[in-house]
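J.: Dumping the structure here so I can ask a few things about it.
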Amino acid sequence: MAAAIIAKTATATGTLQGGRTRLKSFYVKTATSGSPQVVFKNGSGGATLLDMVFNTSDDTQVTIPDHGIIFEDDCHVTLTNITSITGFFG
């Protein structure tokens, strides 16, 4: 049986999903200038689990292979020149 999918959206750096969770995919809308970047960490001070750079004025969906990325604490995102991000957890 498949797990329920939860979607969470953020427009600023912070916790995207609290507690132990699994990121399956995410959608990012970038700003029109700068160097857009998203950094996913295991909690605000934890290890970096994914660091990606994007193009400006872009809408991109990223699907995480296999079973996704597990965050033992919180799924914390640092957004640089990102308008919004939506994470899909399950």
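In the structure tokens, each chain is lettered A, B, ... as it comes, each chain's residues begin at 1, and ligands are numbered from 1 in order of appearance.
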With a distance cut-off of 6 Å and only C-alpha atoms, select the neighbouring residues of segment 32-49 of chain A, excluding the residue or stretch itself and same-chain residues fewer than 4 positions from it, and output the selection as a list in words.
T.: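 These residues fall inside the cut-off: Val53, Phe54, Thr56, Ser57, Phe71, Asp73, Asp74, Cys75, His76, Val77, Thr78, Leu79, Thr80, Asn81 and Ile82 of chain A.
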J.: Save out the residues we just selected, N, CA and C atoms, as a compact mmCIF listing (two decimals), in the first residue's frame.
T.:
```txt
# COMPACT_ATOMS: atom_id res chain seq x y z
N VAL A 53 21.73 23.96 -7.77
CA VAL A 53 21.73 25.29 -8.37
C VAL A 53 20.83 25.24 -9.60
N PHE A 54 20.08 26.33 -9.81
CA PHE A 54 19.12 26.40 -10.91
C PHE A 54 19.38 27.63 -11.77
N THR A 56 17.94 31.19 -13.63
CA THR A 56 16.98 32.23 -13.29
C THR A 56 15.72 32.07 -14.14
N SER A 57 14.61 32.61 -13.63
CA SER A 57 13.31 32.57 -14.31
C SER A 57 12.93 31.16 -14.76
N PHE A 71 14.90 12.45 5.91
CA PHE A 71 15.37 13.44 6.87
C PHE A 71 15.02 12.91 8.25
N ASP A 73 15.55 14.34 11.18
CA ASP A 73 15.05 15.40 12.07
C ASP A 73 13.96 16.18 11.34
N ASP A 74 14.29 17.29 10.76
CA ASP A 74 13.37 18.10 9.97
C ASP A 74 13.94 18.25 8.56
N CYS A 75 13.08 18.50 7.60
CA CYS A 75 13.54 18.88 6.27
C CYS A 75 13.65 20.40 6.26
N HIS A 76 14.87 20.89 6.37
CA HIS A 76 15.14 22.32 6.42
C HIS A 76 15.68 22.75 5.05
N VAL A 77 15.16 23.87 4.51
CA VAL A 77 15.64 24.38 3.23
C VAL A 77 16.22 25.78 3.39
N THR A 78 17.33 25.99 2.71
CA THR A 78 17.90 27.32 2.58
C THR A 78 17.67 27.75 1.15
N LEU A 79 16.93 28.84 0.98
CA LEU A 79 16.56 29.31 -0.35
C LEU A 79 17.34 30.58 -0.69
N THR A 80 18.01 30.55 -1.83
CA THR A 80 18.73 31.72 -2.33
C THR A 80 18.18 32.05 -3.71
N ASN A 81 17.60 33.23 -3.84
CA ASN A 81 16.99 33.67 -5.11
C ASN A 81 15.96 32.66 -5.63
N ILE A 82 15.16 32.15 -4.71
CA ILE A 82 14.07 31.23 -5.02
C ILE A 82 12.76 31.91 -4.63
```
J.: Find the residues near segment 4-13 of chain A: any atom within 7 Å, counting only C-alpha atoms, skip ones fewer than 6 places away on the same chain, and give them as a ChimeraX atom specification.
T.: /A:77-79,83-90
J.: Which residues, written as a ChimeraX atom specification, have at least one atom at most 7 Å from Thr60 of chain A, with only C-alpha atoms counted and residues fewer than 2 positions away on the same chain left out?
T.: /A:27-29,58,62
J.: Find the spatial neighbours of Ile69 of chain A, counting only C-alpha atoms, within a cut-off of 9 Å - ignore same-chain residues fewer than 3 positions away - and output them as an NGL selection string.
T.: :A and (21-24 or 49-50 or 64-66)
J.: Please return as a PyMOL selection string: the residues of segment 4-49 of chain A that backbone DSSP assigns to strand (DSSP E or B).
T.: chain A and resi 6-10+14-17+21-30+37-42+48-49
J.: Atom CA of Thr30 of chain A to atom CA of Ile70 of chain A: how many Å, to one decimal?
T.: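 So the two atoms, atom CA of Thr30 of chain A and atom CA of Ile70 of chain A, lie 24.4 Å apart.
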